[in-house]
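Okay, upload25.cif is below, mmCIF, N, CA and C atoms:
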```cif
data_structure
#
loop_
_atom_site.label_atom_id
_atom_site.label_comp_id
_atom_site.auth_asym_id
_atom_site.auth_seq_id
_atom_site.Cartn_x
_atom_site.Cartn_y
_atom_site.Cartn_z
N LEU A 900 23.79 0.77 73.31
CA LEU A 900 22.72 -0.22 73.27
C LEU A 900 22.92 -1.12 74.49
N PHE A 901 21.86 -1.33 75.27
CA PHE A 901 21.94 -2.08 76.52
C PHE A 901 21.00 -3.28 76.50
N TYR A 902 21.42 -4.35 77.15
CA TYR A 902 20.55 -5.47 77.46
C TYR A 902 21.17 -6.24 78.62
N GLY A 903 20.34 -6.57 79.62
CA GLY A 903 20.79 -7.40 80.73
C GLY A 903 22.02 -6.90 81.44
N GLY A 904 22.16 -5.60 81.62
CA GLY A 904 23.31 -5.04 82.32
C GLY A 904 24.55 -4.90 81.46
N ARG A 905 24.47 -5.30 80.19
CA ARG A 905 25.62 -5.16 79.28
C ARG A 905 25.38 -4.00 78.32
N GLU A 906 26.46 -3.36 77.92
CA GLU A 906 26.38 -2.23 77.00
C GLU A 906 27.37 -2.42 75.87
N VAL A 907 26.94 -2.09 74.65
CA VAL A 907 27.85 -2.00 73.52
C VAL A 907 27.66 -0.61 72.90
N LYS A 908 28.77 -0.03 72.48
CA LYS A 908 28.70 1.29 71.85
C LYS A 908 28.58 1.12 70.35
N GLY A 909 27.78 1.97 69.75
CA GLY A 909 27.55 1.90 68.32
C GLY A 909 28.64 2.59 67.52
N GLU A 910 28.66 2.25 66.26
CA GLU A 910 29.56 2.88 65.30
C GLU A 910 28.71 3.87 64.51
N GLN A 911 29.10 5.14 64.51
CA GLN A 911 28.29 6.15 63.83
C GLN A 911 28.43 6.03 62.33
N GLY A 912 27.28 6.11 61.66
CA GLY A 912 27.24 6.11 60.21
C GLY A 912 27.03 7.54 59.72
N SER A 913 26.41 7.67 58.56
CA SER A 913 26.16 8.98 57.97
C SER A 913 25.21 9.80 58.83
N TYR A 914 25.38 11.13 58.76
CA TYR A 914 24.49 12.00 59.53
C TYR A 914 24.38 13.39 58.93
N CYS A 915 23.27 14.05 59.24
CA CYS A 915 23.04 15.46 58.90
C CYS A 915 22.53 16.13 60.16
N TRP A 916 23.21 17.16 60.59
CA TRP A 916 22.81 17.86 61.79
C TRP A 916 23.20 19.32 61.65
N SER A 917 22.35 20.21 62.04
CA SER A 917 22.60 21.65 61.98
C SER A 917 23.02 22.09 60.58
N GLY A 918 22.41 21.52 59.56
CA GLY A 918 22.67 21.93 58.18
C GLY A 918 23.89 21.32 57.52
N ALA A 919 24.69 20.56 58.25
CA ALA A 919 25.88 19.94 57.66
C ALA A 919 25.68 18.43 57.58
N CYS A 920 26.10 17.82 56.47
CA CYS A 920 25.96 16.37 56.29
C CYS A 920 27.32 15.72 56.11
N VAL A 921 27.45 14.53 56.67
CA VAL A 921 28.67 13.74 56.53
C VAL A 921 28.25 12.33 56.12
N ASP A 922 28.81 11.85 55.00
CA ASP A 922 28.53 10.49 54.54
C ASP A 922 29.66 9.59 55.00
N VAL A 923 29.28 8.47 55.57
CA VAL A 923 30.26 7.48 56.00
C VAL A 923 30.05 6.25 55.13
N ALA A 924 31.05 5.91 54.33
CA ALA A 924 30.94 4.75 53.46
C ALA A 924 31.13 3.48 54.27
N SER A 925 30.35 2.47 53.93
CA SER A 925 30.52 1.17 54.59
C SER A 925 30.90 0.15 53.52
N ALA A 926 32.15 -0.18 53.46
CA ALA A 926 32.64 -1.13 52.46
C ALA A 926 32.24 -2.54 52.86
N PRO A 927 31.88 -3.40 51.89
CA PRO A 927 31.51 -4.76 52.23
C PRO A 927 32.60 -5.52 52.99
N SER A 928 33.87 -5.13 52.80
CA SER A 928 34.95 -5.83 53.49
C SER A 928 35.05 -5.41 54.97
N ALA A 929 34.43 -4.32 55.32
CA ALA A 929 34.43 -3.87 56.71
C ALA A 929 33.01 -3.45 57.08
N PRO A 930 32.14 -4.41 57.38
CA PRO A 930 30.75 -4.07 57.68
C PRO A 930 30.62 -3.20 58.91
N PRO A 931 29.60 -2.33 58.94
CA PRO A 931 29.39 -1.50 60.12
C PRO A 931 29.29 -2.34 61.37
N GLY A 932 29.93 -1.90 62.40
CA GLY A 932 29.89 -2.60 63.68
C GLY A 932 30.81 -3.79 63.78
N SER A 933 31.61 -4.05 62.73
CA SER A 933 32.45 -5.25 62.73
C SER A 933 33.61 -5.19 63.73
N LYS A 934 33.94 -3.99 64.19
CA LYS A 934 35.06 -3.83 65.12
C LYS A 934 34.63 -3.95 66.58
N GLN A 935 33.37 -4.16 66.83
CA GLN A 935 32.88 -4.19 68.20
C GLN A 935 32.41 -5.59 68.58
N ARG A 936 32.34 -5.82 69.88
CA ARG A 936 31.81 -7.11 70.32
C ARG A 936 30.29 -7.06 70.20
N PRO A 937 29.67 -8.20 69.92
CA PRO A 937 28.22 -8.20 69.75
C PRO A 937 27.49 -8.19 71.08
N LEU A 938 26.26 -7.72 71.03
CA LEU A 938 25.37 -7.78 72.18
C LEU A 938 24.50 -9.02 71.98
N ARG A 939 24.53 -9.93 72.95
CA ARG A 939 23.74 -11.16 72.88
C ARG A 939 22.40 -10.95 73.58
N VAL A 940 21.32 -11.28 72.87
CA VAL A 940 19.98 -11.10 73.42
C VAL A 940 19.11 -12.30 73.06
N PRO A 941 18.15 -12.65 73.92
CA PRO A 941 17.20 -13.70 73.56
C PRO A 941 16.13 -13.16 72.60
N TYR A 942 15.54 -14.06 71.85
CA TYR A 942 14.46 -13.69 70.94
C TYR A 942 13.36 -12.95 71.70
N GLY A 943 12.86 -11.88 71.11
CA GLY A 943 11.75 -11.14 71.68
C GLY A 943 12.10 -10.17 72.79
N SER A 944 13.35 -10.18 73.23
CA SER A 944 13.74 -9.27 74.31
C SER A 944 13.74 -7.83 73.80
N LYS A 945 13.79 -6.91 74.73
CA LYS A 945 13.81 -5.49 74.37
C LYS A 945 15.16 -4.90 74.76
N MET A 946 15.86 -4.40 73.74
CA MET A 946 17.14 -3.73 73.96
C MET A 946 16.86 -2.25 74.20
N LEU A 947 17.69 -1.61 75.00
CA LEU A 947 17.53 -0.19 75.29
C LEU A 947 18.56 0.59 74.49
N PHE A 948 18.09 1.48 73.62
CA PHE A 948 18.96 2.39 72.89
C PHE A 948 18.95 3.71 73.64
N HIS A 949 20.12 4.15 74.08
CA HIS A 949 20.25 5.42 74.80
C HIS A 949 21.02 6.39 73.91
N PHE A 950 20.35 7.46 73.49
CA PHE A 950 20.95 8.45 72.60
C PHE A 950 21.68 9.49 73.43
N ARG A 951 22.94 9.73 73.08
CA ARG A 951 23.76 10.67 73.86
C ARG A 951 24.07 11.96 73.10
N GLY A 952 23.21 12.31 72.16
CA GLY A 952 23.41 13.54 71.39
C GLY A 952 22.99 14.77 72.19
N GLN A 953 23.16 15.94 71.58
CA GLN A 953 22.84 17.19 72.27
C GLN A 953 21.35 17.35 72.49
N ARG A 954 20.53 16.93 71.50
CA ARG A 954 19.08 17.03 71.62
C ARG A 954 18.48 15.64 71.42
N PRO A 955 17.45 15.29 72.17
CA PRO A 955 16.84 13.96 72.00
C PRO A 955 16.17 13.85 70.63
N PRO A 956 16.17 12.67 70.04
CA PRO A 956 15.51 12.49 68.74
C PRO A 956 14.00 12.50 68.89
N ASP A 957 13.32 12.86 67.80
CA ASP A 957 11.86 12.79 67.77
C ASP A 957 11.40 11.39 67.38
N THR A 958 12.19 10.73 66.54
CA THR A 958 11.84 9.42 66.01
C THR A 958 13.07 8.54 65.96
N VAL A 959 12.89 7.26 66.25
CA VAL A 959 13.96 6.27 66.14
C VAL A 959 13.44 5.08 65.36
N GLN A 960 14.17 4.69 64.31
CA GLN A 960 13.82 3.51 63.52
C GLN A 960 14.96 2.51 63.64
N ALA A 961 14.63 1.22 63.60
CA ALA A 961 15.67 0.20 63.69
C ALA A 961 15.43 -0.87 62.63
N ASP A 962 16.49 -1.22 61.92
CA ASP A 962 16.46 -2.28 60.91
C ASP A 962 17.59 -3.24 61.20
N ALA A 963 17.31 -4.53 61.03
CA ALA A 963 18.33 -5.56 61.24
C ALA A 963 18.67 -6.19 59.91
N TYR A 964 19.97 -6.39 59.68
CA TYR A 964 20.48 -7.02 58.45
C TYR A 964 21.22 -8.28 58.85
N LYS A 965 20.75 -9.41 58.39
CA LYS A 965 21.39 -10.70 58.69
C LYS A 965 22.81 -10.67 58.15
N LEU A 966 23.75 -11.22 58.91
CA LEU A 966 25.13 -11.32 58.43
C LEU A 966 25.30 -12.65 57.71
N ASN A 967 25.98 -12.62 56.56
CA ASN A 967 26.22 -13.86 55.81
C ASN A 967 27.42 -14.60 56.39
N LYS A 968 27.82 -15.69 55.75
CA LYS A 968 28.91 -16.53 56.27
C LYS A 968 30.23 -15.77 56.38
N GLU A 969 30.42 -14.75 55.55
CA GLU A 969 31.65 -13.94 55.60
C GLU A 969 31.55 -12.83 56.64
N GLY A 970 30.40 -12.70 57.30
CA GLY A 970 30.24 -11.66 58.31
C GLY A 970 29.79 -10.33 57.74
N ASN A 971 29.33 -10.31 56.49
CA ASN A 971 28.86 -9.08 55.86
C ASN A 971 27.34 -9.00 55.90
N PRO A 972 26.78 -7.81 56.09
CA PRO A 972 25.33 -7.66 56.10
C PRO A 972 24.73 -7.94 54.71
N VAL A 973 23.56 -8.56 54.71
CA VAL A 973 22.80 -8.75 53.47
C VAL A 973 21.88 -7.53 53.37
N TRP A 974 22.36 -6.50 52.67
CA TRP A 974 21.68 -5.20 52.61
C TRP A 974 20.33 -5.28 51.92
N SER A 975 20.13 -6.27 51.04
CA SER A 975 18.90 -6.34 50.25
C SER A 975 17.69 -6.83 51.04
N SER A 976 17.87 -7.36 52.24
CA SER A 976 16.72 -7.84 52.99
C SER A 976 16.70 -7.36 54.44
N PRO A 977 16.41 -6.07 54.63
CA PRO A 977 16.33 -5.57 56.00
C PRO A 977 15.04 -6.04 56.68
N ARG A 978 15.11 -6.15 57.99
CA ARG A 978 13.93 -6.48 58.79
C ARG A 978 13.70 -5.32 59.75
N SER A 979 12.55 -4.69 59.61
CA SER A 979 12.22 -3.57 60.50
C SER A 979 11.85 -4.09 61.87
N LEU A 980 12.34 -3.41 62.90
CA LEU A 980 12.06 -3.78 64.28
C LEU A 980 11.20 -2.71 64.93
N THR A 981 10.37 -3.11 65.86
CA THR A 981 9.50 -2.18 66.57
C THR A 981 10.32 -1.37 67.57
N THR A 982 10.12 -0.06 67.55
CA THR A 982 10.77 0.83 68.52
C THR A 982 9.69 1.56 69.31
N GLN A 983 10.01 1.87 70.55
CA GLN A 983 9.07 2.58 71.39
C GLN A 983 9.87 3.40 72.38
N GLY A 984 9.55 4.68 72.48
CA GLY A 984 10.28 5.50 73.43
C GLY A 984 9.96 6.96 73.32
N LEU A 985 10.71 7.72 74.05
CA LEU A 985 10.54 9.16 74.09
C LEU A 985 11.82 9.74 74.67
N GLY A 986 12.24 10.86 74.13
CA GLY A 986 13.45 11.49 74.66
C GLY A 986 14.69 10.72 74.25
N VAL A 987 15.56 10.43 75.19
CA VAL A 987 16.84 9.80 74.87
C VAL A 987 16.83 8.29 75.02
N GLU A 988 15.73 7.69 75.52
CA GLU A 988 15.69 6.24 75.72
C GLU A 988 14.59 5.60 74.89
N TRP A 989 15.00 4.60 74.10
CA TRP A 989 14.08 3.91 73.20
C TRP A 989 14.28 2.41 73.33
N LEU A 990 13.18 1.67 73.35
CA LEU A 990 13.23 0.21 73.38
C LEU A 990 13.13 -0.33 71.96
N ILE A 991 13.94 -1.33 71.66
CA ILE A 991 13.94 -1.97 70.35
C ILE A 991 13.71 -3.46 70.58
N ALA A 992 12.63 -3.98 70.00
CA ALA A 992 12.27 -5.40 70.18
C ALA A 992 13.09 -6.28 69.25
N ALA A 993 13.74 -7.29 69.82
CA ALA A 993 14.59 -8.22 69.05
C ALA A 993 13.76 -9.42 68.59
N LYS A 994 12.74 -9.17 67.78
CA LYS A 994 11.91 -10.25 67.24
C LYS A 994 12.51 -10.69 65.92
N LEU A 995 13.56 -11.49 66.03
CA LEU A 995 14.33 -11.96 64.87
C LEU A 995 14.66 -13.43 65.05
N PRO A 996 14.79 -14.17 63.95
CA PRO A 996 15.26 -15.55 64.07
C PRO A 996 16.68 -15.56 64.65
N SER A 997 17.05 -16.68 65.24
CA SER A 997 18.41 -16.82 65.79
C SER A 997 19.44 -16.50 64.73
N GLY A 998 20.50 -15.82 65.15
CA GLY A 998 21.59 -15.50 64.23
C GLY A 998 22.26 -14.19 64.59
N GLU A 999 23.22 -13.80 63.74
CA GLU A 999 23.97 -12.57 63.97
C GLU A 999 23.52 -11.51 62.96
N TYR A 1000 23.39 -10.28 63.47
CA TYR A 1000 22.84 -9.18 62.67
C TYR A 1000 23.67 -7.91 62.82
N ALA A 1001 23.60 -7.08 61.78
CA ALA A 1001 24.03 -5.69 61.88
C ALA A 1001 22.75 -4.91 62.15
N LEU A 1002 22.68 -4.23 63.27
CA LEU A 1002 21.51 -3.45 63.64
C LEU A 1002 21.79 -1.99 63.31
N LYS A 1003 20.94 -1.43 62.45
CA LYS A 1003 21.06 -0.01 62.10
C LYS A 1003 19.96 0.74 62.84
N VAL A 1004 20.37 1.71 63.65
CA VAL A 1004 19.43 2.56 64.38
C VAL A 1004 19.53 3.94 63.74
N PHE A 1005 18.39 4.42 63.25
CA PHE A 1005 18.33 5.70 62.54
C PHE A 1005 17.52 6.67 63.39
N VAL A 1006 18.14 7.75 63.82
CA VAL A 1006 17.46 8.75 64.65
C VAL A 1006 17.18 10.00 63.83
N MET A 1007 15.98 10.57 64.04
CA MET A 1007 15.60 11.80 63.36
C MET A 1007 15.22 12.82 64.42
N GLY A 1008 15.80 14.00 64.29
CA GLY A 1008 15.58 15.02 65.29
C GLY A 1008 14.83 16.22 64.77
N GLN A 1009 14.73 17.19 65.62
CA GLN A 1009 14.08 18.44 65.27
C GLN A 1009 14.86 19.14 64.17
N GLN A 1010 14.16 19.91 63.38
CA GLN A 1010 14.75 20.68 62.28
C GLN A 1010 15.45 19.80 61.25
N GLY A 1011 14.97 18.57 61.08
CA GLY A 1011 15.45 17.71 60.00
C GLY A 1011 16.77 17.02 60.22
N GLY A 1012 17.36 17.09 61.40
CA GLY A 1012 18.62 16.40 61.63
C GLY A 1012 18.41 14.90 61.74
N ASP A 1013 19.40 14.12 61.28
CA ASP A 1013 19.31 12.67 61.40
C ASP A 1013 20.70 12.06 61.48
N ALA A 1014 20.75 10.83 62.01
CA ALA A 1014 22.02 10.12 62.14
C ALA A 1014 21.74 8.63 62.20
N SER A 1015 22.71 7.84 61.75
CA SER A 1015 22.58 6.39 61.85
C SER A 1015 23.72 5.83 62.71
N TYR A 1016 23.40 4.76 63.43
CA TYR A 1016 24.36 4.08 64.30
C TYR A 1016 24.24 2.58 64.05
N TYR A 1017 25.37 1.88 64.09
CA TYR A 1017 25.38 0.45 63.81
C TYR A 1017 25.89 -0.33 65.02
N PHE A 1018 25.26 -1.49 65.24
CA PHE A 1018 25.62 -2.38 66.34
C PHE A 1018 25.62 -3.81 65.82
N ARG A 1019 26.42 -4.67 66.42
CA ARG A 1019 26.35 -6.12 66.15
C ARG A 1019 25.52 -6.75 67.23
N VAL A 1020 24.54 -7.56 66.82
CA VAL A 1020 23.63 -8.20 67.76
C VAL A 1020 23.54 -9.68 67.40
N ILE A 1021 23.60 -10.55 68.42
CA ILE A 1021 23.36 -11.97 68.23
C ILE A 1021 22.07 -12.32 68.95
N VAL A 1022 21.10 -12.81 68.18
CA VAL A 1022 19.84 -13.25 68.77
C VAL A 1022 19.95 -14.74 69.03
N GLU A 1023 19.67 -15.13 70.27
CA GLU A 1023 19.80 -16.55 70.66
C GLU A 1023 18.46 -17.20 70.81
#
```
For the structure just supplied, provide its representation as C-alpha coordinates.
Amino acid sequence: LFYGGREVKGEQGSYCWSGACVDVASAPSAPPGSKQRPLRVPYGSKMLFHFRGQRPPDTVQADAYKLNKEGNPVWSSPRSLTTQGLGVEWLIAAKLPSGEYALKVFVMGQQGGDASYYFRVIVE
(Lines of atoms letter the chains of each structure in order from A and count residues from 1; the text may use other names and numbers.)
(Lines give C-alpha, C1' and ligand atoms only; values in the text may rest on other atoms or scores of the structure.)
Protein backbone atom coordinates (compact mmCIF):
# COMPACT_ATOMS: atom_id res chain seq x y z
CA LEU A 1 0.00 0.00 0.00
CA PHE A 2 1.53 3.33 -1.09
CA TYR A 3 0.91 6.99 -0.35
CA GLY A 4 3.19 10.00 -0.80
CA GLY A 5 6.29 7.95 -1.62
CA ARG A 6 5.85 5.71 1.45
CA GLU A 7 5.05 2.00 1.34
CA VAL A 8 3.72 -0.41 3.94
CA LYS A 9 3.44 -4.14 3.34
CA GLY A 10 0.21 -5.89 4.20
CA GLU A 11 -0.34 -8.87 6.41
CA GLN A 12 -2.02 -11.69 4.48
CA GLY A 13 -5.28 -13.01 5.84
CA SER A 14 -7.37 -15.96 4.68
CA TYR A 15 -7.26 -16.96 1.03
CA CYS A 16 -8.47 -19.46 -1.57
CA TRP A 17 -6.45 -19.88 -4.73
CA SER A 18 -6.17 -22.70 -7.25
CA GLY A 19 -8.72 -24.78 -5.32
CA ALA A 20 -6.93 -24.67 -1.96
CA CYS A 21 -8.10 -22.53 0.99
CA VAL A 22 -6.19 -21.35 4.04
CA ASP A 23 -7.91 -19.69 7.00
CA VAL A 24 -5.91 -17.26 9.05
CA ALA A 25 -7.38 -16.58 12.47
CA SER A 26 -7.18 -13.05 13.79
CA ALA A 27 -7.31 -13.05 17.57
CA PRO A 28 -8.57 -9.86 19.24
CA SER A 29 -5.30 -9.70 21.21
CA ALA A 30 -3.31 -9.51 17.98
CA PRO A 31 -5.30 -7.50 15.43
CA PRO A 32 -4.38 -7.84 11.76
CA GLY A 33 -1.66 -5.44 10.80
CA SER A 34 -0.68 -4.77 14.42
CA LYS A 35 2.96 -5.72 13.79
CA GLN A 36 3.49 -3.13 11.08
CA ARG A 37 3.96 0.60 11.08
CA PRO A 38 0.89 2.54 9.95
CA LEU A 39 0.55 4.45 6.72
CA ARG A 40 -0.40 8.08 7.44
CA VAL A 41 -2.73 9.71 4.92
CA PRO A 42 -4.83 12.88 4.79
CA TYR A 43 -8.62 12.64 4.60
CA GLY A 44 -9.85 12.00 1.07
CA SER A 45 -6.45 11.03 -0.32
CA LYS A 46 -6.07 8.04 -2.60
CA MET A 47 -3.81 5.21 -1.50
CA LEU A 48 -2.34 2.90 -4.14
CA PHE A 49 -2.77 -0.84 -3.57
CA HIS A 50 -0.28 -2.80 -5.69
CA PHE A 51 -1.06 -6.52 -5.94
CA ARG A 52 2.01 -8.73 -6.31
CA GLY A 53 0.27 -12.06 -6.94
CA GLN A 54 0.76 -14.31 -9.94
CA ARG A 55 -2.41 -13.08 -11.70
CA PRO A 56 -4.00 -9.63 -11.35
CA PRO A 57 -7.31 -9.53 -9.48
CA ASP A 58 -10.59 -8.86 -11.27
CA THR A 59 -12.08 -7.03 -8.29
CA VAL A 60 -10.72 -5.28 -5.20
CA GLN A 61 -12.85 -4.30 -2.20
CA ALA A 62 -11.66 -2.30 0.79
CA ASP A 63 -13.20 -1.98 4.25
CA ALA A 64 -11.89 0.08 7.16
CA TYR A 65 -12.38 -0.92 10.80
CA LYS A 66 -11.85 1.76 13.44
CA LEU A 67 -9.39 0.72 16.14
CA ASN A 68 -10.62 1.05 19.73
CA LYS A 69 -8.57 2.37 22.68
CA GLU A 70 -6.87 -1.02 23.07
CA GLY A 71 -5.83 -1.00 19.40
CA ASN A 72 -8.31 -3.70 18.35
CA PRO A 73 -10.57 -3.37 15.30
CA VAL A 74 -14.29 -2.83 15.90
CA TRP A 75 -15.41 -5.63 13.55
CA SER A 76 -19.12 -4.82 13.89
CA SER A 77 -18.92 -1.49 12.05
CA PRO A 78 -16.94 -1.69 8.82
CA ARG A 79 -16.81 1.28 6.47
CA SER A 80 -16.64 0.44 2.78
CA LEU A 81 -14.16 2.49 0.78
CA THR A 82 -14.29 3.29 -2.92
CA THR A 83 -11.80 1.37 -5.05
CA GLN A 84 -10.90 2.02 -8.66
CA GLY A 85 -8.39 0.23 -10.82
CA LEU A 86 -7.46 -2.45 -13.24
CA GLY A 87 -4.80 -5.11 -13.27
CA VAL A 88 -2.34 -4.95 -10.38
CA GLU A 89 -2.86 -1.29 -9.35
CA TRP A 90 -5.94 -0.06 -7.51
CA LEU A 91 -6.72 3.28 -5.86
CA ILE A 92 -8.47 3.28 -2.49
CA ALA A 93 -10.06 6.53 -1.30
CA ALA A 94 -9.40 7.35 2.37
CA LYS A 95 -12.73 9.10 3.02
CA LEU A 96 -12.76 8.39 6.74
CA PRO A 97 -12.93 10.49 9.90
CA SER A 98 -9.57 11.15 11.58
CA GLY A 99 -8.26 8.15 13.48
CA GLU A 100 -6.50 4.81 13.24
CA TYR A 101 -7.94 1.93 11.22
CA ALA A 102 -7.35 -1.66 10.22
CA LEU A 103 -7.77 -1.64 6.44
CA LYS A 104 -8.90 -4.93 4.93
CA VAL A 105 -8.29 -5.25 1.19
CA PHE A 106 -10.11 -8.21 -0.37
CA VAL A 107 -9.04 -9.27 -3.86
CA MET A 108 -11.02 -11.62 -6.11
CA GLY A 109 -9.45 -13.22 -9.12
CA GLN A 110 -10.28 -15.37 -12.05
CA GLN A 111 -11.68 -18.84 -11.40
CA GLY A 112 -12.99 -17.85 -7.96
CA GLY A 113 -9.68 -17.22 -6.20
CA ASP A 114 -9.64 -14.64 -3.41
CA ALA A 115 -7.38 -13.29 -0.68
CA SER A 116 -7.47 -10.68 2.07
CA TYR A 117 -4.68 -8.35 3.19
CA TYR A 118 -4.57 -6.09 6.25
CA PHE A 119 -2.88 -2.73 6.74
CA ARG A 120 -2.77 -0.14 9.54
CA VAL A 121 -3.78 3.31 8.35
CA ILE A 122 -3.95 6.62 10.22
CA VAL A 123 -6.20 9.22 8.64
CA GLU A 124 -5.19 12.75 9.61
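By all atoms listed in the file, and with residues fewer than 3 positions from Tyr1017 in chain A along its chain excluded, the set lying at most 7 Å from it is Lys908, Gly909, Glu910, Gln911, Gly912, Pro931, Gly932, Ala1001, Leu1002, Lys1003 and Val1004 of chain A.
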What do you get, as JSON, numbers by chain, if you spell out every residue that the PyMOL selection byres ((chain A and resi 956-960) around 6) selects here?
{"A": [954, 955, 961, 962, 982, 986, 987, 1003, 1004, 1005, 1006, 1007, 1008, 1009]}
Given the PyMOL selection byres ((chain A and resi 1014) around 5), the residues it picks as a VMD selection string:
chain A and resid 913 to 915 1005 to 1006 1012 to 1013 1015 to 1016
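Across A:Glu988, A:Trp916, A:Asp922, A:Pro937, the tightest approach to Arg951 in chain A is made by A:Glu988 when counting only N, CA and C atoms.
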Work out how far apart CA of Ala919 in chain A and CA of Phe948 in chain A are and give it in Å to one decimal.
24.2 Å
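Considering only N, CA and C atoms, the residue among A:Arg939, A:His949, A:Arg905, A:Arg978 positioned nearest to Leu990 in chain A is A:His949.
Of the listed residues A:Ser979, A:Ser944, A:Ser997, A:Asn971, the one whose atoms come nearest to Val1022 in chain A is A:Ser997, with distances taken using all atoms listed in the file.
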Using DSSP secondary structure from the backbone, list all strand (DSSP E) positions within chain A, as a PyMOL selection string.
chain A and resi 901-902+905-906+910-916+919-921+938-940+945-949+958-965+978-980+982-985+988-992+998-1007+1013-1022
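Rounded to one decimal, CA of Ile991 in chain A and CA of Met946 in chain A lie 5.1 Å from each other.
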8 Å contact set for Ile1021 in chain A, all atoms listed in the file, chain neighbours under 2 positions out, as number ranges by chain
A: 936-942, 996-1001, 1018-1019, 1023
Save out the residues we just selected, N, CA and C atoms, as a PDB file, in the frame of the given file.
```pdb
ATOM      1  N   ARG A 936      32.340  -5.820  69.880  1.00  0.00           N
ATOM      2  CA  ARG A 936      31.810  -7.110  70.320  1.00  0.00           C
ATOM      3  C   ARG A 936      30.290  -7.060  70.200  1.00  0.00           C
ATOM      4  N   PRO A 937      29.670  -8.200  69.920  1.00  0.00           N
ATOM      5  CA  PRO A 937      28.220  -8.200  69.750  1.00  0.00           C
ATOM      6  C   PRO A 937      27.490  -8.190  71.080  1.00  0.00           C
ATOM      7  N   LEU A 938      26.260  -7.720  71.030  1.00  0.00           N
ATOM      8  CA  LEU A 938      25.370  -7.780  72.180  1.00  0.00           C
ATOM      9  C   LEU A 938      24.500  -9.020  71.980  1.00  0.00           C
ATOM     10  N   ARG A 939      24.530  -9.930  72.950  1.00  0.00           N
ATOM     11  CA  ARG A 939      23.740 -11.160  72.880  1.00  0.00           C
ATOM     12  C   ARG A 939      22.400 -10.950  73.580  1.00  0.00           C
ATOM     13  N   VAL A 940      21.320 -11.280  72.870  1.00  0.00           N
ATOM     14  CA  VAL A 940      19.980 -11.100  73.420  1.00  0.00           C
ATOM     15  C   VAL A 940      19.110 -12.300  73.060  1.00  0.00           C
ATOM     16  N   PRO A 941      18.150 -12.650  73.920  1.00  0.00           N
ATOM     17  CA  PRO A 941      17.200 -13.700  73.560  1.00  0.00           C
ATOM     18  C   PRO A 941      16.130 -13.160  72.600  1.00  0.00           C
ATOM     19  N   TYR A 942      15.540 -14.060  71.850  1.00  0.00           N
ATOM     20  CA  TYR A 942      14.460 -13.690  70.940  1.00  0.00           C
ATOM     21  C   TYR A 942      13.360 -12.950  71.700  1.00  0.00           C
ATOM     22  N   PRO A 996      14.790 -14.170  63.950  1.00  0.00           N
ATOM     23  CA  PRO A 996      15.260 -15.550  64.070  1.00  0.00           C
ATOM     24  C   PRO A 996      16.680 -15.560  64.650  1.00  0.00           C
ATOM     25  N   SER A 997      17.050 -16.680  65.240  1.00  0.00           N
ATOM     26  CA  SER A 997      18.410 -16.820  65.790  1.00  0.00           C
ATOM     27  C   SER A 997      19.440 -16.500  64.730  1.00  0.00           C
ATOM     28  N   GLY A 998      20.500 -15.820  65.150  1.00  0.00           N
ATOM     29  CA  GLY A 998      21.590 -15.500  64.230  1.00  0.00           C
ATOM     30  C   GLY A 998      22.260 -14.190  64.590  1.00  0.00           C
ATOM     31  N   GLU A 999      23.220 -13.800  63.740  1.00  0.00           N
ATOM     32  CA  GLU A 999      23.970 -12.570  63.970  1.00  0.00           C
ATOM     33  C   GLU A 999      23.520 -11.510  62.960  1.00  0.00           C
ATOM     34  N   TYR A1000      23.390 -10.280  63.470  1.00  0.00           N
ATOM     35  CA  TYR A1000      22.840  -9.180  62.670  1.00  0.00           C
ATOM     36  C   TYR A1000      23.670  -7.910  62.820  1.00  0.00           C
ATOM     37  N   ALA A1001      23.600  -7.080  61.780  1.00  0.00           N
ATOM     38  CA  ALA A1001      24.030  -5.690  61.880  1.00  0.00           C
ATOM     39  C   ALA A1001      22.750  -4.910  62.150  1.00  0.00           C
ATOM     40  N   PHE A1018      25.260  -1.490  65.240  1.00  0.00           N
ATOM     41  CA  PHE A1018      25.620  -2.380  66.340  1.00  0.00           C
ATOM     42  C   PHE A1018      25.620  -3.810  65.820  1.00  0.00           C
ATOM     43  N   ARG A1019      26.420  -4.670  66.420  1.00  0.00           N
ATOM     44  CA  ARG A1019      26.350  -6.120  66.150  1.00  0.00           C
ATOM     45  C   ARG A1019      25.520  -6.750  67.230  1.00  0.00           C
ATOM     46  N   GLU A1023      19.670 -15.130  70.270  1.00  0.00           N
ATOM     47  CA  GLU A1023      19.800 -16.550  70.660  1.00  0.00           C
ATOM     48  C   GLU A1023      18.460 -17.200  70.810  1.00  0.00           C
TER      49      GLU A1023
END
```
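Going from atom C of Ala993 in chain A to atom N of Gln935 in chain A covers 20.4 Å.
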Taking every listed atom of range 1011-1018 of chain A and adding 6 Å to each side, what centre and edge lengths in Å (one decimal) does the axis-aligned box have, as lines of an AutoDock Vina configuration file?
```
center_x = 20.4
center_y = 7.4
center_z = 63.2
size_x = 22.9
size_y = 34.4
size_z = 18.3
```
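Shortest separation to Thr981 in chain A among A:Phe901, A:Gly952, A:Lys994, A:Gly918 occurs at residue A:Lys994, atoms counted being all atoms listed in the file.
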From the list A:Leu966, A:Pro977, A:Val1020, A:Phe950, the nearest residue to Trp989 in chain A using only N, CA and C atoms is A:Phe950
